[in-house]
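Participant: My file is start15.tsv. It has TSV, C-alpha atoms:
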```tsv
chain	number	residue	atom	x	y	z
A	1	MET	CA	59.54	155.06	132.83
A	2	ASN	CA	61.84	157.35	134.78
A	3	ALA	CA	64.87	159.07	133.28
A	4	GLN	CA	67.36	156.53	134.59
A	5	SER	CA	65.41	153.56	133.23
A	6	ARG	CA	64.96	155.33	129.87
A	7	TYR	CA	68.72	155.93	129.66
A	8	LYS	CA	69.51	152.27	130.34
A	9	PHE	CA	66.96	151.14	127.75
A	10	LEU	CA	68.36	153.44	125.08
A	11	SER	CA	71.94	152.33	125.85
A	12	VAL	CA	71.03	148.66	125.44
A	13	LEU	CA	69.11	149.40	122.23
A	14	SER	CA	72.10	151.27	120.77
A	15	ALA	CA	74.48	148.42	121.62
A	16	VAL	CA	72.19	145.87	119.94
A	17	ALA	CA	71.92	148.04	116.83
A	18	LEU	CA	75.69	148.45	116.56
A	19	LEU	CA	76.23	144.71	116.99
A	20	SER	CA	73.68	143.95	114.27
A	21	VAL	CA	75.33	146.35	111.84
A	22	GLY	CA	78.72	144.81	112.61
A	23	ILE	CA	77.48	141.28	111.92
A	24	LEU	CA	75.85	142.31	108.66
A	25	ALA	CA	78.97	144.11	107.47
A	26	TRP	CA	81.29	141.27	108.43
A	27	GLY	CA	79.27	138.30	107.20
A	28	PRO	CA	79.09	138.96	103.44
A	29	LYS	CA	82.83	139.64	103.23
A	30	VAL	CA	83.67	136.24	104.69
A	31	ASN	CA	81.14	134.48	102.47
A	32	ALA	CA	82.29	136.25	99.32
A	33	ALA	CA	85.91	135.30	99.90
A	34	GLY	CA	85.04	131.73	100.86
A	35	GLU	CA	82.66	131.13	97.96
A	36	GLY	CA	84.61	132.91	95.22
A	37	LYS	CA	86.35	130.72	92.68
A	38	ILE	CA	87.81	130.49	89.20
A	39	THR	CA	86.97	127.47	87.06
A	40	GLY	CA	87.90	126.28	83.62
A	41	SER	CA	89.69	123.69	81.54
A	42	VAL	CA	93.04	123.25	79.85
A	43	LYS	CA	93.25	121.42	76.54
A	44	LEU	CA	95.87	120.35	74.03
A	45	SER	CA	95.32	121.29	70.40
A	46	GLY	CA	96.81	118.89	67.87
A	47	THR	CA	98.25	115.40	68.15
A	48	ALA	CA	99.51	114.49	71.58
A	49	PRO	CA	103.16	113.42	71.62
A	50	HIS	CA	103.95	109.75	72.20
A	51	MET	CA	105.05	109.04	75.75
A	52	ARG	CA	107.77	106.40	75.65
A	53	GLY	CA	107.70	103.41	77.95
A	54	ILE	CA	109.99	103.21	80.97
A	55	ASP	CA	112.52	100.41	81.44
A	56	MET	CA	112.54	99.56	85.15
A	57	SER	CA	114.55	96.34	84.84
A	58	LYS	CA	117.34	97.72	87.08
A	59	ASP	CA	115.02	97.21	90.07
A	60	PRO	CA	113.01	93.94	90.06
A	61	TYR	CA	110.49	95.38	92.55
A	62	CYS	CA	109.74	98.38	90.32
A	63	SER	CA	109.54	96.22	87.19
A	64	LYS	CA	107.11	93.77	88.81
A	65	ALA	CA	104.88	96.62	90.00
A	66	HIS	CA	104.10	97.42	86.34
A	67	GLU	CA	103.83	93.88	84.89
A	68	SER	CA	100.19	94.29	83.89
A	69	ASN	CA	100.34	98.01	83.09
A	70	PRO	CA	103.72	99.17	81.71
A	71	ALA	CA	104.78	102.60	82.96
A	72	LYS	CA	105.17	105.54	80.60
A	73	MET	CA	106.67	109.00	80.84
A	74	GLU	CA	104.26	111.66	82.09
A	75	ASN	CA	105.57	114.85	80.46
A	76	VAL	CA	102.29	115.27	78.56
A	77	VAL	CA	99.17	113.45	79.82
A	78	VAL	CA	96.07	113.96	77.66
A	79	GLY	CA	92.63	112.67	78.58
A	80	SER	CA	89.30	112.49	76.81
A	81	GLY	CA	88.44	115.44	74.64
A	82	GLY	CA	92.01	116.68	74.64
A	83	GLY	CA	92.00	117.63	78.33
A	84	LEU	CA	95.54	118.24	79.58
A	85	ALA	CA	96.37	116.89	83.05
A	86	ASN	CA	99.02	118.10	85.52
A	87	VAL	CA	98.75	121.78	84.56
A	88	VAL	CA	99.14	124.14	87.53
A	89	LEU	CA	96.88	127.23	87.66
A	90	HIS	CA	97.60	130.06	90.06
A	91	ILE	CA	96.80	133.75	90.52
A	92	SER	CA	99.90	135.66	89.49
A	93	GLU	CA	98.49	139.22	89.78
A	94	GLY	CA	95.69	140.91	91.74
A	95	LEU	CA	95.97	139.36	95.19
A	96	SER	CA	96.99	141.38	98.21
A	97	GLY	CA	96.98	141.24	102.01
A	98	ASN	CA	95.68	138.10	103.66
A	99	GLU	CA	94.63	136.45	100.40
A	100	LEU	CA	98.19	136.69	99.10
A	101	ASN	CA	100.04	135.76	102.28
A	102	ALA	CA	97.78	133.16	103.89
A	103	VAL	CA	99.42	129.73	104.15
A	104	PRO	CA	97.09	126.73	103.70
A	105	SER	CA	96.88	124.36	106.67
A	106	GLU	CA	96.42	121.36	104.37
A	107	GLU	CA	99.56	119.19	104.02
A	108	PRO	CA	99.57	117.54	100.59
A	109	THR	CA	101.62	114.40	99.97
A	110	PHE	CA	104.19	113.78	97.23
A	111	ASN	CA	104.05	110.00	97.16
A	112	GLN	CA	106.29	107.33	95.66
A	113	LYS	CA	104.21	104.44	94.37
A	114	GLY	CA	105.30	101.86	91.84
A	115	CYS	CA	108.58	103.76	91.55
A	116	MET	CA	106.78	106.80	90.14
A	117	TYR	CA	105.94	110.16	91.73
A	118	THR	CA	102.25	110.61	92.57
A	119	PRO	CA	101.16	113.23	91.80
A	120	HIS	CA	103.59	113.93	88.98
A	121	VAL	CA	103.23	117.66	89.69
A	122	LEU	CA	102.72	118.98	93.23
A	123	PRO	CA	101.68	122.64	93.63
A	124	VAL	CA	102.24	124.18	97.06
A	125	ASP	CA	102.13	127.63	98.61
A	126	VAL	CA	105.20	129.38	99.97
A	127	ASN	CA	105.85	127.99	103.48
A	128	GLN	CA	103.08	125.40	103.09
A	129	LYS	CA	104.11	122.13	104.71
A	130	PHE	CA	103.96	119.01	102.58
A	131	LYS	CA	105.04	115.40	102.97
A	132	VAL	CA	107.22	113.15	100.83
A	133	ALA	CA	106.09	109.58	101.45
A	134	THR	CA	106.69	106.13	99.96
A	135	GLU	CA	104.59	103.00	99.54
A	136	ASP	CA	107.35	101.08	97.76
A	137	GLN	CA	109.23	98.06	99.04
A	138	THR	CA	112.50	99.52	97.83
A	139	THR	CA	114.78	102.43	98.74
A	140	HIS	CA	114.39	105.82	97.07
A	141	ASN	CA	116.62	108.89	97.19
A	142	ILE	CA	114.63	112.10	96.77
A	143	HIS	CA	116.54	115.01	95.27
A	144	PRO	CA	114.73	118.30	94.47
A	145	LEU	CA	116.81	120.73	92.43
A	146	PRO	CA	115.68	124.37	92.82
A	147	ALA	CA	117.34	127.01	90.66
A	148	PRO	CA	120.56	128.45	92.13
A	149	GLY	CA	120.13	131.88	93.70
A	150	GLY	CA	116.36	131.68	93.90
A	151	GLY	CA	116.19	131.40	97.67
A	152	ASN	CA	115.11	127.76	97.87
A	153	ILE	CA	117.68	125.29	99.18
A	154	GLY	CA	117.83	121.87	97.55
A	155	TRP	CA	118.17	118.67	99.53
A	156	ASN	CA	119.06	115.04	98.96
A	157	LYS	CA	117.57	112.42	101.31
A	158	SER	CA	117.35	108.65	101.32
A	159	GLN	CA	113.97	107.07	102.09
A	160	PRO	CA	114.39	103.32	102.65
A	161	LEU	CA	111.67	100.75	103.12
A	162	GLY	CA	109.47	101.66	106.10
A	163	ALA	CA	110.91	105.16	106.51
A	164	PRO	CA	108.48	107.80	107.84
A	165	PRO	CA	107.36	110.66	105.57
A	166	ILE	CA	109.68	113.62	105.14
A	167	GLU	CA	107.90	116.83	106.18
A	168	THR	CA	109.22	120.00	104.61
A	169	SER	CA	108.30	123.26	102.80
A	170	TRP	CA	109.69	125.76	100.30
A	171	LYS	CA	110.49	129.34	101.31
A	172	ASN	CA	110.20	131.18	98.00
A	173	GLN	CA	108.09	131.18	94.85
A	174	GLU	CA	109.52	129.05	92.07
A	175	VAL	CA	107.90	127.69	88.94
A	176	ALA	CA	109.07	124.99	88.90
A	177	ILE	CA	111.44	122.75	90.92
A	178	THR	CA	112.42	119.49	89.26
A	179	VAL	CA	112.57	116.40	91.49
A	180	LYS	CA	114.52	113.23	90.76
A	181	CYS	CA	115.55	109.98	92.43
A	182	ASN	CA	119.26	109.26	92.44
A	183	ILE	CA	118.60	105.50	92.56
A	184	HIS	CA	115.91	105.24	89.88
A	185	PRO	CA	116.88	107.63	87.02
A	186	TRP	CA	113.47	107.45	85.31
A	187	MET	CA	111.70	108.97	88.33
A	188	HIS	CA	110.93	112.60	87.58
A	189	GLY	CA	108.40	115.04	89.02
A	190	TRP	CA	107.85	118.71	89.84
A	191	HIS	CA	107.12	121.00	92.77
A	192	VAL	CA	105.46	124.29	91.76
A	193	VAL	CA	105.73	126.93	94.50
A	194	VAL	CA	103.28	129.85	94.33
A	195	LYS	CA	101.67	132.47	96.59
A	196	GLY	CA	97.93	132.46	97.01
A	197	PRO	CA	95.16	130.08	95.82
A	198	TYR	CA	96.10	127.47	93.21
A	199	ALA	CA	94.82	124.36	91.45
A	200	VAL	CA	96.05	121.55	89.21
A	201	THR	CA	94.08	120.04	86.32
A	202	ASP	CA	92.59	116.57	86.65
A	203	GLU	CA	92.68	113.76	84.06
A	204	SER	CA	90.06	115.59	81.97
A	205	GLY	CA	91.89	118.92	82.08
A	206	ASN	CA	89.43	120.59	84.47
A	207	TYR	CA	90.33	122.76	87.45
A	208	THR	CA	88.87	124.97	90.17
A	209	ILE	CA	90.77	127.61	92.14
A	210	ASN	CA	88.86	128.10	95.40
A	211	ASN	CA	88.88	130.85	98.05
A	212	VAL	CA	89.15	133.75	95.61
A	213	PRO	CA	87.60	137.04	96.81
A	214	PRO	CA	85.82	139.29	94.31
A	215	GLY	CA	88.26	141.23	92.14
A	216	SER	CA	90.25	141.29	88.91
A	217	TYR	CA	93.15	138.90	88.50
A	218	THR	CA	95.70	137.41	86.17
A	219	VAL	CA	95.66	133.60	86.11
A	220	THR	CA	98.78	131.78	84.94
A	221	ALA	CA	98.74	128.21	83.61
A	222	TRP	CA	102.02	126.25	83.65
A	223	GLN	CA	102.77	122.97	81.87
A	224	GLU	CA	106.21	121.37	81.94
A	225	GLU	CA	106.61	120.97	78.15
A	226	TYR	CA	104.60	123.93	76.87
A	227	GLY	CA	105.51	126.67	79.35
A	228	THR	CA	103.03	129.30	80.56
A	229	GLN	CA	99.95	131.17	79.41
A	230	THR	CA	98.04	133.95	81.18
A	231	GLN	CA	94.50	135.31	81.18
A	232	LYS	CA	92.69	138.19	82.84
A	233	VAL	CA	89.75	137.05	84.99
A	234	THR	CA	87.11	138.88	87.02
A	235	VAL	CA	85.43	137.27	90.02
A	236	ALA	CA	82.18	138.93	91.12
A	237	ALA	CA	80.32	138.31	94.38
A	238	GLY	CA	78.30	135.14	93.91
A	239	LYS	CA	79.55	134.59	90.36
A	240	PRO	CA	82.67	132.48	89.64
A	241	GLY	CA	85.30	133.66	87.20
A	242	ALA	CA	86.17	131.45	84.22
A	243	ALA	CA	89.34	130.90	82.21
A	244	ASP	CA	89.99	128.20	79.60
A	245	PHE	CA	93.44	127.60	78.17
A	246	THR	CA	94.66	125.79	75.05
A	247	PHE	CA	98.24	124.69	74.49
A	248	LYS	CA	99.39	123.75	71.00
A	249	ALA	CA	101.10	120.40	70.54
A	250	LYS	CA	104.68	120.57	69.31
```
Would you kindly transcribe this structure into structure tokens?
Facilitator:
Amino acid sequence: MNAQSRYKFLSVLSAVALLSVGILAWGPKVNAAGEGKITGSVKLSGTAPHMRGIDMSKDPYCSKAHESNPAKMENVVVGSGGGLANVVLHISEGLSGNELNAVPSEEPTFNQKGCMYTPHVLPVDVNQKFKVATEDQTTHNIHPLPAPGGGNIGWNKSQPLGAPPIETSWKNQEVAITVKCNIHPWMHGWHVVVKGPYAVTDESGNYTINNVPPGSYTVTAWQEEYGTQTQKVTVAAGKPGAADFTFKAK
């Protein structure tokens, strides 16, 4: 092999080596962030409060929708084993850079079905688009009420039968924004606006916060009647963090 051929061979070999090192260094970081998560449960200790029934007689359509299953208030929803539903979990400390500022592409839906908000509590990220939709054969008037001076601007929009979904977003963190319907006074829900990965508990009180890179964090749990609790959590590469919360019944 002459000198020129040897030089070309060594140059190609060096380029391949550098590319291999780059792939190896880049790959685990992506996997660690994508696979990292925090799991746990939220429970209620003590006797769950009675949720009163809702009188929907002002609107025959709404009343008929619940003939076989009368509607109840949803301030505190407790499942089997004391699991507390509709609790929002989010990372309140420890995130930075892309993990903190990334906006999810998913567009969740805040639906109106049977003259109730579904889900009762909708968590979203700052600037994350979401939809307000309706399946009801009656007119609704959606009216979120963010706190004055917090940077979020409230709105008040009618959504009659057959109206398309309203697509919108919130510009600032706020835990939490109450939502009402000016036509049906019993309709009440929440928007919880956070930054970074979040989750909401299911009917059994379980949750999983996905897309958490390795690190140490503070997780905050919010429930509309019982306020907030926090816990310190560590997520290691390949090992999920865990945080269980218990709220005490009033």
Participant: Using CA of His66 in chain A and CA of Leu145 in chain A as the two end points, give the distance in Å to one decimal.
Facilitator: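 Taking CA of His66 in chain A as the start and CA of Leu145 in chain A as the end point, the length is 27.2 Å.
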Participant: Counting only C-alpha atoms, what is within 12 Å of Pro144 in chain A, bar same-chain residues fewer than 5 positions away, as a list in words?
Facilitator: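 What passes the distance filter is Phe110, Val132, Asn152, Ile153, Gly154, Trp155, Asn156, Lys157, Thr168, Ser169, Trp170, Ala176, Ile177, Thr178, Val179, Lys180, Cys181, Asn182, Met187, His188, Gly189, Trp190, His191 and Val192 of chain A.
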Participant: Counting all atoms listed in the file, figure out which residue out of A:Lys72, A:Val212, A:Glu224, A:Lys248 gets nearest to Ala236 in chain A.
Facilitator: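 Ranking A:Lys72, A:Val212, A:Glu224, A:Lys248 by distance to Ala236 in chain A, first place goes to A:Val212.
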Participant: Identify which of the residues A:Val78, A:Ala237, A:Met73, A:Ala163 lies closest to Ala133 in chain A, counting only C-alpha atoms when measuring atom-to-atom distances.
Facilitator: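 Answer, going by the shortest atom-to-atom distance: A:Ala163.
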Participant: Give the answer as one residue: which of A:Thr246, A:Gln223, A:Thr134, A:Ser45 has the shortest atom-to-atom distance to Asn75 in chain A, using only C-alpha atoms?
Facilitator: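 The answer is A:Gln223, which sits nearest to Asn75 in chain A.
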Participant: Using all atoms listed in the file, which of the listed residues (A:Lys37, A:His120, A:Lys43, A:Lys64) sits closest to Leu84 in chain A?
Facilitator: A:Lys43
Participant: Can you work out the spacing between CA of Asn86 in chain A and CA of Gly162 in chain A in Å, to one decimal?
Facilitator: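 That distance, rounded to one decimal, is 28.3 Å.
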Participant: Between CA of Ala65 in chain A and CA of Pro123 in chain A, what is the distance in Å, rounded to a tenth?
Facilitator: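 Taking CA of Ala65 in chain A as the start and CA of Pro123 in chain A as the end point, the length is 26.5 Å.
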Participant: Could you tell me which of A:Asp244, A:Pro197, A:Leu95, A:Gly53 comes closest to Gln231 in chain A if we count all atoms listed in the file?
Facilitator: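 Among the listed residues, the smallest separation from Gln231 in chain A belongs to A:Asp244.
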Participant: Tell me which protein, DNA and RNA residues are within 10 Å of Glu225 in chain A, counting all atoms listed in the file, leaving out same-chain ones fewer than 4 positions away, and put them as a list in words.
Facilitator: Asn75, Val76, Phe247, Ala249 and Lys250 of chain A
Participant: So which residues touch Glu107 in chain A within 8 Å, counting all atoms listed in the file, skipping near sequence neighbours fewer than 3 positions away, as a VMD selection string?
Facilitator: chain A and resid 104 128 to 131
Participant: Step by step, gather every atom of range 230-234 of chain A that the file lists, find the box along x, y and z that holds them, add 5 Å on each side, and finally give centre and edge lengths in Å to one decimal, as JSON.
Facilitator:
```
{"center_x": 92.6, "center_y": 136.4, "center_z": 84.1, "size_x": 20.9, "size_y": 14.9, "size_z": 15.8}
```
